[in-house]
Amino acid sequence: MPVKDSPEGSRPEATRVEAVYEQILLQIVSGALTGGGEIKSTLLAKQLGLSRTPVVQALQRLAADGLVTLEMNKRAVVRPGAENWLVELHELREWLEPPAAARAALHLSVEDLARLRVHAEEARPHSHAEWPAAAQRFDFALHLTIADRSGNFALRETIRKIWAFKRLSYLAAPERPETLERGYGEHLSLLDALERRDGETARAAMLFHLRSAGTLRQNSTIV
């Protein structure tokens, strides 16, 4: 499938590389590209309507992330188990985000909490036609604000790096309204704990939310 918003000359190089990276990663986590399978850069470039350069650069990024290997002859091969990338990132979130929530409860500003409460109000289920998109914005805002206010630079950057893939999860398997509604309630419980400056309840609410999200996934490799 061609990369959206082509032709190639209309997109900055970095944007093209990012789009190709996401296209390949979506194919890996969906099982369309399986472990041990070769990714032919020339063929892929033709399918996407691009030159080979952004495809090669995207494959180099995937290799840096450990999802493909680039062999001596420059062949790109999908690593076995790479289809579980999003699931294993979610597992990593279960280790990192609960303590981040406990720490953030002590550091969030009044302005942070007010902004998150506005997001929550905008995302109330079935309150307007666009509430699912607002629920996703609340999702991002809550988790990333917690990361930013965790008081640990390395923790913040690691969580932000992991969350760079959350949009990909939404693209790979859009969440059903009932799943978004359940997640909204869990987000509210977490926000309530943060507003009370109750770090241990925030930790528990975050862990419950992440484990709940894992049980609701519709695809075994998408979360």
# chains A, B, ... in the order shown; residues from 1 in each chain; ligands from 1
>>> residues_around(residues="stretch 32-45 of chain A", least_positions_apart="3", cutoff="7 Å", atoms="only C-alpha atoms", output="ChimeraX atom specification")
/A:27-28,48-52,55-56,75-82
>>> write_last_selection(atoms="C-alpha atoms", output="mmCIF file, in the first residue's frame")
data_model
loop_
_atom_site.group_PDB
_atom_site.id
_atom_site.type_symbol
_atom_site.label_atom_id
_atom_site.label_comp_id
_atom_site.auth_asym_id
_atom_site.auth_seq_id
_atom_site.Cartn_x
_atom_site.Cartn_y
_atom_site.Cartn_z
ATOM 1 C CA GLN A 27 3.047 -5.712 9.157
ATOM 2 C CA ILE A 28 5.342 -7.369 11.703
ATOM 3 C CA LEU A 48 4.879 2.039 -1.070
ATOM 4 C CA GLY A 49 5.499 4.259 -4.080
ATOM 5 C CA LEU A 50 8.855 5.532 -2.763
ATOM 6 C CA SER A 51 12.500 5.449 -3.625
ATOM 7 C CA ARG A 52 14.594 2.784 -1.885
ATOM 8 C CA VAL A 55 12.910 2.167 3.066
ATOM 9 C CA VAL A 56 16.549 1.341 3.817
ATOM 10 C CA ARG A 75 19.298 -8.490 3.591
ATOM 11 C CA ALA A 76 16.728 -7.486 6.205
ATOM 12 C CA VAL A 77 15.259 -10.411 8.121
ATOM 13 C CA VAL A 78 12.469 -10.225 10.716
ATOM 14 C CA ARG A 79 13.646 -11.474 14.111
ATOM 15 C CA PRO A 80 11.679 -14.450 15.494
ATOM 16 C CA GLY A 81 9.301 -13.189 18.166
ATOM 17 C CA ALA A 82 9.234 -9.640 16.787
#
>>> select_by_dssp(residues="stretch 10-223 of chain A", states="strand (DSSP E)", output="list in words")
Glu38, Ile39, Val68, Thr69, Leu70, Ala76, Val77 and Val78 of chain A
>>> closest_residue(among="A:Glu94, A:Val223, A:Trp85, A:Leu180", to="A:Ala205", atoms="only C-alpha atoms")
A:Glu94
>>> residues_around(residues="A:Glu186", least_positions_apart="5", cutoff="10 Å", atoms="only C-alpha atoms", output="VMD selection string")
chain A and resid 180 to 181 191 to 192 205 to 206 208 to 210 212 to 213
>>> atom_distance(atom1="atom CA of A:Glu71", atom2="atom CA of A:Leu89")
25.4 Å
>>> closest_residue(among="A:Glu111, A:Glu175, A:Glu97, A:Glu195", to="A:Trp163", atoms="only C-alpha atoms")
A:Glu97
>>> select_by_dssp(residues="stretch 96-174 of chain A", states="alpha helix (DSSP H)", output="ChimeraX atom specification")
/A:96-104,110-122,131-148,153-163,166-172
>>> atom_distance(atom1="atom CA of A:Glu121", atom2="atom CA of A:Pro177")
16.7 Å
>>> atom_distance(atom1="atom CA of A:Ala102", atom2="atom CA of A:Ser169")
25.5 Å
>>> closest_residue(among="A:Ala141, A:Ile162, A:Val20, A:Leu155", to="A:Arg93", atoms="only C-alpha atoms")
A:Ile162
>>> residues_around(residues="stretch 62-64 of chain A", least_positions_apart="6", cutoff="9 Å", atoms="only C-alpha atoms", output="PyMOL selection string")
chain A and resi 21+24-25+70+76
>>> write_last_selection(atoms="N, CA and C atoms", output="mmCIF file, in the first residue's frame")
data_model
loop_
_atom_site.group_PDB
_atom_site.id
_atom_site.type_symbol
_atom_site.label_atom_id
_atom_site.label_comp_id
_atom_site.auth_asym_id
_atom_site.auth_seq_id
_atom_site.Cartn_x
_atom_site.Cartn_y
_atom_site.Cartn_z
ATOM 1 N N TYR A 21 8.635 3.153 8.440
ATOM 2 C CA TYR A 21 8.904 2.428 9.687
ATOM 3 C C TYR A 21 7.600 1.891 10.277
ATOM 4 N N ILE A 24 6.055 -0.978 8.121
ATOM 5 C CA ILE A 24 6.730 -2.271 8.294
ATOM 6 C C ILE A 24 6.408 -2.852 9.665
ATOM 7 N N LEU A 25 6.444 -2.012 10.697
ATOM 8 C CA LEU A 25 6.175 -2.498 12.043
ATOM 9 C C LEU A 25 4.746 -3.013 12.170
ATOM 10 N N LEU A 70 20.041 -6.961 9.970
ATOM 11 C CA LEU A 70 20.595 -6.622 8.665
ATOM 12 C C LEU A 70 21.853 -7.457 8.475
ATOM 13 N N ALA A 76 17.439 -7.750 4.957
ATOM 14 C CA ALA A 76 16.728 -7.486 6.205
ATOM 15 C C ALA A 76 15.852 -8.687 6.512
#
>>> closest_residue(among="A:Ile146, A:Leu86, A:Leu67, A:Leu108", to="A:Arg196", atoms="only C-alpha atoms")
A:Leu108
